[in-house]
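Trainee: This is the content of final_14.cif (mmCIF, C-alpha atoms):
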data_query
loop_
_atom_site.label_atom_id
_atom_site.label_comp_id
_atom_site.auth_asym_id
_atom_site.auth_seq_id
_atom_site.Cartn_x
_atom_site.Cartn_y
_atom_site.Cartn_z
CA MET A 1 67.39 29.53 -40.15
CA GLU A 2 63.76 29.65 -39.12
CA GLU A 3 63.97 26.59 -36.84
CA GLU A 4 66.70 27.91 -34.52
CA PRO A 5 64.57 30.56 -32.76
CA SER A 6 61.81 28.02 -32.13
CA ASN A 7 64.20 25.45 -30.65
CA LEU A 8 65.32 27.76 -27.85
CA PRO A 9 61.88 28.21 -26.23
CA VAL A 10 61.16 24.49 -26.59
CA SER A 11 64.47 23.60 -24.96
CA LEU A 12 63.92 26.09 -22.14
CA TRP A 13 60.36 24.90 -21.60
CA GLY A 14 61.61 21.32 -21.56
CA ARG A 15 64.07 22.14 -18.81
CA VAL A 16 61.40 23.91 -16.77
CA SER A 17 59.06 20.94 -17.22
CA ALA A 18 61.79 18.50 -16.20
CA PHE A 19 62.54 20.54 -13.07
CA GLU A 20 58.85 20.70 -12.23
CA THR A 21 58.54 16.94 -12.64
CA ARG A 22 61.54 16.26 -10.39
CA ALA A 23 60.20 18.67 -7.77
CA ARG A 24 56.77 17.00 -7.82
CA GLU A 25 58.33 13.53 -7.51
CA ALA A 26 60.52 14.68 -4.61
CA TYR A 27 57.46 16.14 -2.91
CA LYS A 28 55.50 12.89 -3.26
CA ARG A 29 58.34 10.77 -1.85
CA LYS A 30 58.10 12.50 1.55
CA PRO A 31 55.10 12.92 3.89
CA ILE A 32 53.61 16.37 4.41
CA SER A 33 55.04 16.46 7.94
CA HIS A 34 58.56 16.30 6.44
CA TRP A 35 57.97 19.41 4.33
CA ILE A 36 56.33 21.30 7.21
CA LEU A 37 59.35 20.58 9.42
CA LEU A 38 61.72 21.57 6.62
CA VAL A 39 59.92 24.89 6.08
CA LEU A 40 59.92 25.63 9.82
CA SER A 41 63.61 24.70 10.12
CA SER A 42 64.54 26.85 7.14
CA ALA A 43 62.58 29.76 8.57
CA ALA A 44 64.38 29.31 11.89
CA MET A 45 67.74 29.61 10.14
CA LEU A 46 66.71 32.65 8.12
CA VAL A 47 65.17 34.51 11.07
CA ALA A 48 66.98 33.36 14.21
CA PHE A 49 70.61 33.73 13.11
CA PRO A 50 70.18 37.27 11.70
CA ALA A 51 68.18 38.20 14.83
CA SER A 52 71.00 36.92 17.04
CA SER A 53 73.56 38.96 15.09
CA LEU A 54 71.47 42.13 15.30
CA LEU A 55 70.84 41.65 19.02
CA SER A 56 74.58 41.39 19.63
CA ARG A 57 75.04 44.75 17.94
CA VAL A 58 72.06 46.20 19.88
CA TYR A 59 73.75 45.13 23.12
CA TYR A 60 76.93 47.06 22.30
CA ALA A 61 75.15 50.06 20.78
CA ASN A 62 73.06 50.64 23.91
CA GLY A 63 75.71 50.49 26.61
CA GLY A 64 76.86 46.87 26.82
CA THR A 65 80.61 46.37 26.90
CA SER A 66 81.35 42.76 27.93
CA LYS A 67 82.60 40.39 25.25
CA TRP A 68 82.33 37.45 27.62
CA ILE A 69 78.62 38.03 28.25
CA ILE A 70 77.80 37.95 24.54
CA SER A 71 79.91 34.78 24.21
CA TRP A 72 78.07 33.30 27.18
CA VAL A 73 74.53 33.96 25.89
CA ALA A 74 75.47 32.17 22.63
CA VAL A 75 75.83 28.89 24.54
CA ALA A 76 73.66 29.49 27.60
CA GLY A 77 70.66 28.11 25.70
CA TRP A 78 72.12 24.60 25.34
CA PRO A 79 69.36 23.10 27.58
CA LEU A 80 66.85 24.00 24.84
CA THR A 81 68.66 21.63 22.47
CA ALA A 82 68.78 19.00 25.23
CA LEU A 83 65.00 19.28 25.63
CA ILE A 84 64.59 18.53 21.92
CA LEU A 85 66.97 15.56 22.26
CA LEU A 86 65.13 13.85 25.15
CA PRO A 87 61.99 12.91 23.15
CA THR A 88 64.17 11.06 20.63
CA TYR A 89 65.16 8.70 23.47
CA LEU A 90 61.77 8.50 25.20
CA VAL A 91 59.37 8.54 22.25
CA CYS A 92 61.41 7.48 19.21
CA LYS A 93 63.35 4.86 21.24
CA ALA A 94 66.69 6.01 19.82
CA SER A 95 69.78 4.58 21.48
CA PRO A 96 72.24 7.07 23.04
CA THR A 97 75.68 7.07 21.46
CA PRO A 98 78.19 5.47 23.87
CA LEU A 99 80.55 8.08 25.29
CA THR A 100 84.01 6.66 24.74
CA LEU A 101 87.12 8.42 26.05
CA LYS A 102 88.08 9.60 22.54
CA LEU A 103 84.58 10.90 21.83
CA THR A 104 84.44 12.75 25.15
CA TYR A 105 87.86 14.27 24.52
CA SER A 106 86.69 15.35 21.06
CA TYR A 107 83.63 17.06 22.53
CA ILE A 108 85.81 18.87 25.09
CA VAL A 109 88.16 20.14 22.37
CA LEU A 110 85.26 21.22 20.15
CA GLY A 111 83.64 22.93 23.14
CA LEU A 112 86.84 24.85 23.90
CA LEU A 113 87.19 25.89 20.25
CA SER A 114 83.52 26.95 20.13
CA ALA A 115 83.96 29.08 23.25
CA ALA A 116 86.98 30.78 21.65
CA ASP A 117 85.06 31.22 18.39
CA ASN A 118 82.13 32.91 20.14
CA LEU A 119 84.52 35.24 21.96
CA MET A 120 86.18 36.26 18.68
CA TYR A 121 82.81 37.05 17.11
CA ALA A 122 81.85 39.03 20.23
CA TYR A 123 84.87 41.26 19.72
CA ALA A 124 83.96 41.64 16.04
CA TYR A 125 80.39 42.79 16.79
CA ALA A 126 81.69 45.17 19.46
CA TYR A 127 83.68 47.15 16.91
CA LEU A 128 82.01 46.51 13.52
CA PRO A 129 78.54 47.27 12.11
CA ALA A 130 76.34 44.17 11.99
CA SER A 131 76.18 44.32 8.19
CA THR A 132 79.99 44.35 7.89
CA ALA A 133 80.47 41.67 10.53
CA SER A 134 77.99 39.32 8.83
CA LEU A 135 79.68 39.80 5.45
CA LEU A 136 83.10 39.04 6.92
CA ALA A 137 81.70 36.01 8.75
CA SER A 138 80.68 34.54 5.39
CA SER A 139 84.38 33.82 4.85
CA SER A 140 83.88 30.80 7.13
CA LEU A 141 82.71 29.03 3.96
CA VAL A 142 86.22 29.47 2.52
CA PHE A 143 87.83 27.95 5.60
CA SER A 144 85.24 25.15 5.77
CA ALA A 145 86.14 24.13 2.22
CA LEU A 146 89.90 24.30 2.90
CA PHE A 147 89.83 22.46 6.23
CA GLY A 148 87.34 19.95 4.84
CA TYR A 149 89.78 19.20 2.03
CA LEU A 150 92.80 18.95 4.35
CA LEU A 151 91.25 17.06 7.28
CA VAL A 152 88.23 15.14 5.95
CA LYS A 153 89.52 14.72 2.37
CA ASN A 154 86.40 16.33 0.91
CA LYS A 155 86.56 16.85 -2.82
CA LEU A 156 87.36 20.23 -4.33
CA ASN A 157 86.33 21.14 -7.86
CA ALA A 158 86.71 24.23 -10.02
CA ALA A 159 83.44 25.75 -8.79
CA ILE A 160 84.40 25.44 -5.11
CA VAL A 161 87.89 26.84 -5.76
CA ASN A 162 86.25 29.70 -7.65
CA ALA A 163 83.97 30.31 -4.65
CA VAL A 164 87.01 30.51 -2.36
CA VAL A 165 88.66 33.10 -4.63
CA VAL A 166 85.46 35.13 -5.09
CA ILE A 167 84.60 35.31 -1.38
CA THR A 168 88.20 36.24 -0.57
CA ALA A 169 87.89 39.07 -3.10
CA ALA A 170 84.68 40.20 -1.37
CA MET A 171 86.53 40.40 1.96
CA THR A 172 89.23 42.50 0.29
CA ILE A 173 86.59 44.92 -1.01
CA ILE A 174 85.29 45.40 2.55
CA ALA A 175 88.84 46.07 3.76
CA LEU A 176 89.20 48.81 1.13
CA ASP A 177 85.95 50.38 2.35
CA SER A 178 86.90 50.53 6.03
CA ASP A 179 86.53 54.31 6.34
CA SER A 180 82.87 54.46 5.30
CA ASP A 181 81.18 52.38 8.02
CA ARG A 182 83.26 52.89 11.17
CA TYR A 183 81.24 54.12 14.15
CA GLY A 184 82.31 57.42 15.67
CA ASN A 185 83.07 55.87 19.07
CA VAL A 186 85.28 53.16 17.54
CA THR A 187 88.94 53.96 16.98
CA ASP A 188 90.90 52.91 13.92
CA LYS A 189 92.76 50.35 16.01
CA GLN A 190 89.52 48.84 17.37
CA TYR A 191 88.01 48.67 13.87
CA ILE A 192 91.09 46.84 12.56
CA TRP A 193 90.97 44.42 15.49
CA GLY A 194 87.26 43.86 14.88
CA PHE A 195 88.09 42.99 11.28
CA VAL A 196 90.89 40.65 12.38
CA TRP A 197 88.80 38.91 15.07
CA ASP A 198 85.95 38.37 12.59
CA ILE A 199 88.26 36.70 10.06
CA LEU A 200 89.97 34.62 12.78
CA GLY A 201 86.56 33.61 14.15
CA SER A 202 85.48 32.58 10.65
CA ALA A 203 88.64 30.52 10.23
CA LEU A 204 88.05 28.81 13.57
CA HIS A 205 84.40 28.23 12.65
CA GLY A 206 85.52 26.50 9.45
CA LEU A 207 87.94 24.35 11.46
CA ILE A 208 85.18 23.41 13.94
CA PHE A 209 82.89 22.43 11.06
CA ALA A 210 85.59 20.17 9.54
CA LEU A 211 86.50 18.63 12.92
CA SER A 212 82.82 17.95 13.64
CA GLU A 213 82.53 16.11 10.35
CA LEU A 214 85.72 14.21 11.19
CA VAL A 215 84.17 13.09 14.49
CA PHE A 216 81.19 11.66 12.60
CA VAL A 217 83.43 9.87 10.11
CA LYS A 218 86.09 8.51 12.48
CA LEU A 219 84.41 8.08 15.89
CA VAL A 220 80.64 7.94 15.52
CA GLY A 221 80.37 6.16 12.19
CA ARG A 222 76.75 7.13 11.63
CA ARG A 223 74.73 10.27 11.21
CA SER A 224 71.13 10.67 12.28
CA PHE A 225 69.04 13.43 13.76
CA HIS A 226 69.55 12.41 17.37
CA VAL A 227 73.29 11.79 16.86
CA VAL A 228 73.73 15.30 15.44
CA LEU A 229 71.73 16.70 18.36
CA GLU A 230 73.89 14.73 20.81
CA GLN A 231 77.02 16.31 19.43
CA GLN A 232 75.48 19.77 19.51
CA VAL A 233 74.38 19.35 23.14
CA MET A 234 77.76 18.04 24.31
CA VAL A 235 79.82 20.64 22.44
CA SER A 236 77.54 23.46 23.64
CA LEU A 237 77.69 22.14 27.21
CA PHE A 238 81.49 22.19 27.29
CA ALA A 239 81.55 25.57 25.53
CA PHE A 240 79.14 26.82 28.21
CA VAL A 241 81.43 25.54 30.97
CA PHE A 242 84.54 27.17 29.47
CA THR A 243 82.73 30.45 28.79
CA THR A 244 81.20 30.53 32.29
CA ILE A 245 84.68 30.16 33.77
CA GLY A 246 85.80 33.13 31.66
CA VAL A 247 82.83 35.22 32.77
CA ILE A 248 83.49 34.42 36.44
CA VAL A 249 87.23 35.14 36.21
CA ASN A 250 86.47 38.46 34.47
CA ASN A 251 83.84 39.35 37.11
CA ASP A 252 81.31 39.99 34.36
CA PHE A 253 78.36 38.47 36.23
CA GLN A 254 78.78 41.23 38.83
CA GLY A 255 79.23 43.75 36.00
CA MET A 256 75.84 42.81 34.54
CA LYS A 257 74.10 44.73 37.33
CA TYR A 258 75.97 47.93 36.45
CA GLU A 259 75.41 47.41 32.72
CA ALA A 260 71.68 46.85 33.30
CA ARG A 261 71.37 50.14 35.23
CA SER A 262 73.19 52.18 32.57
CA PHE A 263 71.66 50.39 29.56
CA LYS A 264 69.54 52.56 27.26
CA GLY A 265 65.94 51.51 27.84
CA GLY A 266 66.60 50.28 31.37
CA LYS A 267 67.08 46.93 33.06
CA SER A 268 64.16 45.20 31.36
CA SER A 269 65.51 46.04 27.90
CA TYR A 270 68.97 44.85 28.90
CA TYR A 271 67.80 41.45 30.09
CA LEU A 272 65.36 41.05 27.18
CA VAL A 273 68.22 41.59 24.71
CA LEU A 274 70.30 38.89 26.42
CA ILE A 275 67.38 36.45 26.76
CA TRP A 276 66.31 36.81 23.15
CA SER A 277 69.93 36.53 22.02
CA THR A 278 70.13 33.18 23.81
CA ILE A 279 66.84 31.90 22.40
CA SER A 280 67.43 33.11 18.83
CA PHE A 281 70.92 31.60 18.62
CA GLN A 282 69.70 28.19 19.81
CA LEU A 283 66.73 28.28 17.43
CA GLY A 284 69.15 28.97 14.60
CA VAL A 285 71.33 26.04 15.66
CA LEU A 286 68.32 23.71 15.88
CA GLY A 287 67.11 24.92 12.49
CA SER A 288 70.46 24.27 10.84
CA VAL A 289 70.72 20.79 12.39
CA ALA A 290 67.19 19.96 11.18
CA VAL A 291 67.86 21.26 7.65
CA LEU A 292 71.03 19.15 7.40
CA PHE A 293 69.10 16.08 8.49
CA LEU A 294 65.87 16.66 6.55
CA SER A 295 67.50 17.85 3.32
CA SER A 296 71.19 18.31 2.52
CA THR A 297 74.26 20.44 3.02
CA VAL A 298 73.44 22.08 -0.33
CA LEU A 299 70.15 23.49 1.00
CA ALA A 300 71.95 24.57 4.18
CA GLY A 301 74.43 26.39 1.94
CA VAL A 302 71.60 28.08 0.04
CA LEU A 303 70.02 29.27 3.28
CA ASN A 304 73.36 30.52 4.56
CA ALA A 305 73.78 32.43 1.29
CA ILE A 306 70.37 34.06 1.76
CA ARG A 307 71.09 34.76 5.44
CA VAL A 308 74.02 37.08 4.68
CA PRO A 309 72.07 39.70 2.65
CA LEU A 310 69.11 39.35 5.03
CA THR A 311 71.33 40.28 7.99
CA SER A 312 72.94 43.15 6.11
CA ILE A 313 69.62 44.57 4.87
CA ALA A 314 68.01 44.20 8.31
CA ALA A 315 71.00 45.96 9.91
CA VAL A 316 70.68 48.86 7.45
CA ILE A 317 66.91 49.19 8.05
CA LEU A 318 66.71 48.52 11.79
CA LEU A 319 70.10 49.68 13.08
CA LYS A 320 70.77 52.37 10.45
CA ASP A 321 74.04 50.70 9.44
CA PRO A 322 75.90 52.59 6.72
CA MET A 323 75.77 50.87 3.32
CA SER A 324 78.28 52.20 0.81
CA GLY A 325 78.63 51.25 -2.83
CA LEU A 326 81.68 49.09 -2.11
CA LYS A 327 79.80 47.20 0.61
CA ILE A 328 76.92 46.54 -1.79
CA LEU A 329 79.47 45.29 -4.33
CA SER A 330 80.98 43.04 -1.66
CA LEU A 331 77.50 41.70 -0.85
CA VAL A 332 76.84 40.87 -4.51
CA VAL A 333 80.26 39.23 -4.92
CA THR A 334 79.74 37.22 -1.71
CA PHE A 335 76.36 36.01 -2.99
CA TRP A 336 78.03 34.97 -6.24
CA GLY A 337 80.67 33.08 -4.26
CA PHE A 338 77.98 31.24 -2.31
CA GLY A 339 76.32 30.29 -5.59
CA CYS A 340 79.58 28.86 -6.91
CA TYR A 341 80.06 26.89 -3.71
CA ILE A 342 76.52 25.50 -3.78
CA TYR A 343 76.93 24.46 -7.42
CA GLY A 344 80.30 22.85 -6.67
CA SER A 345 78.96 21.01 -3.61
CA SER A 346 75.99 19.76 -5.62
CA SER A 347 78.31 18.49 -8.36
CA THR A 348 80.57 16.61 -5.93
CA SER A 349 77.51 15.08 -4.23
CA LYS A 350 76.28 13.77 -7.60
CA ASP A 351 79.72 12.39 -8.46
CA SER A 352 80.05 10.55 -5.14
CA SER A 353 76.58 9.06 -5.47
#
Just give me the structure of the file as structure tokens.
Mentor:
Amino acid sequence: MEEEPSNLPVSLWGRVSAFETRAREAYKRKPISHWILLVLSSAAMLVAFPASSLLSRVYYANGGTSKWIISWVAVAGWPLTALILLPTYLVCKASPTPLTLKLTYSYIVLGLLSAADNLMYAYAYAYLPASTASLLASSSLVFSALFGYLLVKNKLNAAIVNAVVVITAAMTIIALDSDSDRYGNVTDKQYIWGFVWDILGSALHGLIFALSELVFVKLVGRRSFHVVLEQQVMVSLFAFVFTTIGVIVNNDFQGMKYEARSFKGGKSSYYLVLIWSTISFQLGVLGSVAVLFLSSTVLAGVLNAIRVPLTSIAAVILLKDPMSGLKILSLVVTFWGFGCYIYGSSSTSKDSS
């Protein structure tokens, strides 16, 4: 009877010591430059993506109205990614991936889907608070798991299925709380459509993620930093082309002059919002690509889990977004769902290895 209490601290301390040992060994296996890049990439994900989301809401809250413009700035920064890709050819002597007809066609399709996805999210941020929109966008994890299982034959275990159910429940909680965070200038119909577009955009985002993985498995056959960057550049380029066509057809480039004049804060504020939206989104993309290459999809999942509450909290503090009890509950449930997914992904990774 007296030994049982003493065994628990020893066992717990043993687990902590084992974790510390594994962490120290992992640290020693990589050079310091690896960890510096990983920290910078993680910081880019945690800062740039929430900043991009908040700037989209700032655009609409201060007089912006165009959904195409917000879609366009999300991909207009693709040359930044191309600039990062060039040194891998010139300095690292990496060989460009041959552009076959199938691979080119895949990039075109992914670019078209990405353009549509950005447009759906633009509609969502036009009608929803940034905190609500970011919570709903977390449902892309559900669709990534489902499409990954159907298209790429990724494994599903009890933890991942539980994550799907939990995150779906979190989305239902937000739906029940729709009256508490609707802006006064947004009608009931617009709020409902914002909700629908956010979920549809998340579903399409999950499909794009699964199709991108399928391209690596079926067409590319290898995965390295420059190969991932190549795909990102090509998909963003085609998405930029499709979105630019939409902006031109909708006469939104001409409309930018009118929006800039009527924007709260003036023309300089208007263009700064768009420029920083472009830069922040591309920094987030580069950060996520680097994290996937330098670490694992599990760490990327952890950072995505942290990104959701960061965006919501920042929206409440900076944009004065309403935060009801049900939305806080949804945030907690979403975080729990992310934890289940990360645990399930880690387990399947160990089983496959």
Trainee: So which residues get picked by the PyMOL selection byres ((chain A and resi 316) around 12) here, written as a PDB file with C-alpha atoms, keeping the file's coordinate frame?
Mentor:
ATOM      1  CA  LEU A  54      71.470  42.130  15.300  1.00  0.00           C
ATOM      2  CA  PRO A 129      78.540  47.270  12.110  1.00  0.00           C
ATOM      3  CA  ALA A 130      76.340  44.170  11.990  1.00  0.00           C
ATOM      4  CA  SER A 131      76.180  44.320   8.190  1.00  0.00           C
ATOM      5  CA  THR A 132      79.990  44.350   7.890  1.00  0.00           C
ATOM      6  CA  ASP A 181      81.180  52.380   8.020  1.00  0.00           C
ATOM      7  CA  PRO A 309      72.070  39.700   2.650  1.00  0.00           C
ATOM      8  CA  LEU A 310      69.110  39.350   5.030  1.00  0.00           C
ATOM      9  CA  THR A 311      71.330  40.280   7.990  1.00  0.00           C
ATOM     10  CA  SER A 312      72.940  43.150   6.110  1.00  0.00           C
ATOM     11  CA  ILE A 313      69.620  44.570   4.870  1.00  0.00           C
ATOM     12  CA  ALA A 314      68.010  44.200   8.310  1.00  0.00           C
ATOM     13  CA  ALA A 315      71.000  45.960   9.910  1.00  0.00           C
ATOM     14  CA  ILE A 317      66.910  49.190   8.050  1.00  0.00           C
ATOM     15  CA  LEU A 318      66.710  48.520  11.790  1.00  0.00           C
ATOM     16  CA  LEU A 319      70.100  49.680  13.080  1.00  0.00           C
ATOM     17  CA  LYS A 320      70.770  52.370  10.450  1.00  0.00           C
ATOM     18  CA  ASP A 321      74.040  50.700   9.440  1.00  0.00           C
ATOM     19  CA  PRO A 322      75.900  52.590   6.720  1.00  0.00           C
ATOM     20  CA  MET A 323      75.770  50.870   3.320  1.00  0.00           C
ATOM     21  CA  SER A 324      78.280  52.200   0.810  1.00  0.00           C
ATOM     22  CA  LYS A 327      79.800  47.200   0.610  1.00  0.00           C
ATOM     23  CA  ILE A 328      76.920  46.540  -1.790  1.00  0.00           C
TER      24      ILE A 328
END
Trainee: Skipping near chain neighbours, those fewer than 6 positions away, what residues fall within 9 Å of Gly287 in chain A using only C-alpha atoms, listed as a list in words?
Mentor: Leu38, Leu40, Ser41, Ser42, Ala43, Ala44, Met45, Leu46 and Ala48 of chain A
Trainee: If the PyMOL selection byres ((chain A and resi 224-229) around 8) is run on the structure shown, which residues does it catch, given as a tab-separated table (two decimals) with C-alpha atoms, keeping the file's coordinate frame?
Mentor:
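Written out: part06.tsv:
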chain	number	residue	atom	x	y	z
A	81	THR	CA	68.66	21.63	22.47
A	82	ALA	CA	68.78	19.00	25.23
A	85	LEU	CA	66.97	15.56	22.26
A	88	THR	CA	64.17	11.06	20.63
A	94	ALA	CA	66.69	6.01	19.82
A	96	PRO	CA	72.24	7.07	23.04
A	97	THR	CA	75.68	7.07	21.46
A	222	ARG	CA	76.75	7.13	11.63
A	223	ARG	CA	74.73	10.27	11.21
A	230	GLU	CA	73.89	14.73	20.81
A	231	GLN	CA	77.02	16.31	19.43
A	232	GLN	CA	75.48	19.77	19.51
A	233	VAL	CA	74.38	19.35	23.14
A	289	VAL	CA	70.72	20.79	12.39
A	290	ALA	CA	67.19	19.96	11.18
A	293	PHE	CA	69.10	16.08	8.49
Trainee: Give me, as JSON lines, each residue of range 124-200 of chain A that comes within 10 Å of range 100-117 of chain A, together with its shortest interatomic pair and the distance in Å at one decimal, counting only C-alpha atoms, with rows ordered by chain and rising residue number.
Mentor:
{"residue": "A:Trp197", "atom": "CA", "partner": "A:Asp117", "partner_atom": "CA", "distance": 9.2}
{"residue": "A:Asp198", "atom": "CA", "partner": "A:Asp117", "partner_atom": "CA", "distance": 9.2}
{"residue": "A:Leu200", "atom": "CA", "partner": "A:Asp117", "partner_atom": "CA", "distance": 8.2}
Trainee: Run the PyMOL selection byres ((chain A and resi 53) around 9) on the file and write out the hits as a ChimeraX atom specification.
Mentor: /A:48-52,54-58,125,130,133-134,277,281,311
Trainee: Using CA of Val247 in chain A and CA of Met234 in chain A as the two end points, give the distance in Å to one decimal.
Mentor: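 Answer for the CA of Val247 in chain A to CA of Met234 in chain A separation: 19.8 Å.
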Trainee: Find the residues near Leu207 in chain A: any atom within 12 Å, counting only C-alpha atoms, skip ones fewer than 4 places away on the same chain, and give them as a list of chain:residue names.
Mentor: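 Counting only the stated atoms, we get A:Val109, A:Leu110, A:Leu113, A:Ser114, A:Asp117, A:Ser140, A:Leu141, A:Val142, A:Phe143, A:Ser144, A:Ala145, A:Leu146, A:Phe147, A:Gly148, A:Tyr149, A:Leu150, A:Leu151, A:Val152, A:Leu200, A:Gly201, A:Ser202, A:Ala203, A:Leu211, A:Ser212, A:Glu213, A:Leu214.
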Trainee: Let me make sure I understand: among A:Val91, A:Leu286, A:Val196, A:Leu274, which one has the smallest atom-to-atom distance to Ala124 in chain A if we use all atoms listed in the file?
Mentor: A:Val196
Trainee: Of the candidates A:Trp68, A:Trp78, A:Tyr121, A:Tyr183, which one gets nearest to Asn250 in chain A if we count all atoms listed in the file?
Mentor: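 Checking each of A:Trp68, A:Trp78, A:Tyr121, A:Tyr183 against Asn250 in chain A, counting all atoms listed in the file, the winner is A:Trp68.
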Trainee: From the options A:Thr334, A:Ala61, A:Gly266, A:Ile84, which residue's atoms come nearest to Gly184 in chain A, counting all atoms listed in the file?
Mentor: A:Ala61
Trainee: Show me that you can extract range 227-242 of chain A, keeping N, CA, C and O atoms, and write it as a short mmCIF file (atom, residue, chain, number, x, y, z; two decimals), in the first residue's frame.
Mentor:
data_model
loop_
_atom_site.label_atom_id
_atom_site.label_comp_id
_atom_site.auth_asym_id
_atom_site.auth_seq_id
_atom_site.Cartn_x
_atom_site.Cartn_y
_atom_site.Cartn_z
N VAL A 227 11.00 20.57 -54.99
CA VAL A 227 9.85 19.99 -55.71
C VAL A 227 8.54 20.54 -55.15
O VAL A 227 7.61 20.87 -55.90
N VAL A 228 8.46 20.66 -53.81
CA VAL A 228 7.26 21.23 -53.19
C VAL A 228 7.11 22.70 -53.60
O VAL A 228 6.00 23.17 -53.89
N LEU A 229 8.23 23.43 -53.64
CA LEU A 229 8.18 24.82 -54.07
C LEU A 229 7.74 24.94 -55.53
O LEU A 229 6.99 25.85 -55.90
N GLU A 230 8.23 24.02 -56.38
CA GLU A 230 7.83 24.02 -57.79
C GLU A 230 6.32 23.89 -57.92
O GLU A 230 5.69 24.63 -58.69
N GLN A 231 5.75 22.96 -57.19
CA GLN A 231 4.31 22.79 -57.26
C GLN A 231 3.58 24.03 -56.78
O GLN A 231 2.60 24.47 -57.40
N GLN A 232 4.06 24.60 -55.69
CA GLN A 232 3.41 25.80 -55.16
C GLN A 232 3.47 26.95 -56.15
O GLN A 232 2.49 27.68 -56.33
N VAL A 233 4.62 27.13 -56.80
CA VAL A 233 4.77 28.21 -57.78
C VAL A 233 3.84 28.00 -58.97
O VAL A 233 3.13 28.93 -59.39
N MET A 234 3.79 26.78 -59.51
CA MET A 234 2.98 26.52 -60.68
C MET A 234 1.48 26.63 -60.38
O MET A 234 0.72 27.23 -61.15
N VAL A 235 1.07 26.07 -59.26
CA VAL A 235 -0.35 26.15 -58.88
C VAL A 235 -0.75 27.60 -58.63
O VAL A 235 -1.81 28.06 -59.09
N SER A 236 0.10 28.36 -57.92
CA SER A 236 -0.20 29.77 -57.64
C SER A 236 -0.21 30.59 -58.92
O SER A 236 -1.03 31.51 -59.07
N LEU A 237 0.68 30.26 -59.86
CA LEU A 237 0.72 30.97 -61.14
C LEU A 237 -0.59 30.80 -61.90
O LEU A 237 -1.19 31.78 -62.37
N PHE A 238 -1.06 29.55 -62.02
CA PHE A 238 -2.31 29.32 -62.74
C PHE A 238 -3.51 29.90 -61.98
O PHE A 238 -4.44 30.41 -62.60
N ALA A 239 -3.47 29.82 -60.65
CA ALA A 239 -4.53 30.44 -59.86
C ALA A 239 -4.54 31.95 -60.07
O ALA A 239 -5.61 32.58 -60.16
N PHE A 240 -3.35 32.54 -60.18
CA PHE A 240 -3.22 33.98 -60.44
C PHE A 240 -3.81 34.33 -61.80
O PHE A 240 -4.52 35.33 -61.94
N VAL A 241 -3.54 33.51 -62.80
CA VAL A 241 -4.07 33.75 -64.15
C VAL A 241 -5.59 33.70 -64.14
O VAL A 241 -6.27 34.61 -64.67
N PHE A 242 -6.15 32.64 -63.55
CA PHE A 242 -7.61 32.49 -63.51
C PHE A 242 -8.27 33.63 -62.72
O PHE A 242 -9.30 34.18 -63.13
#
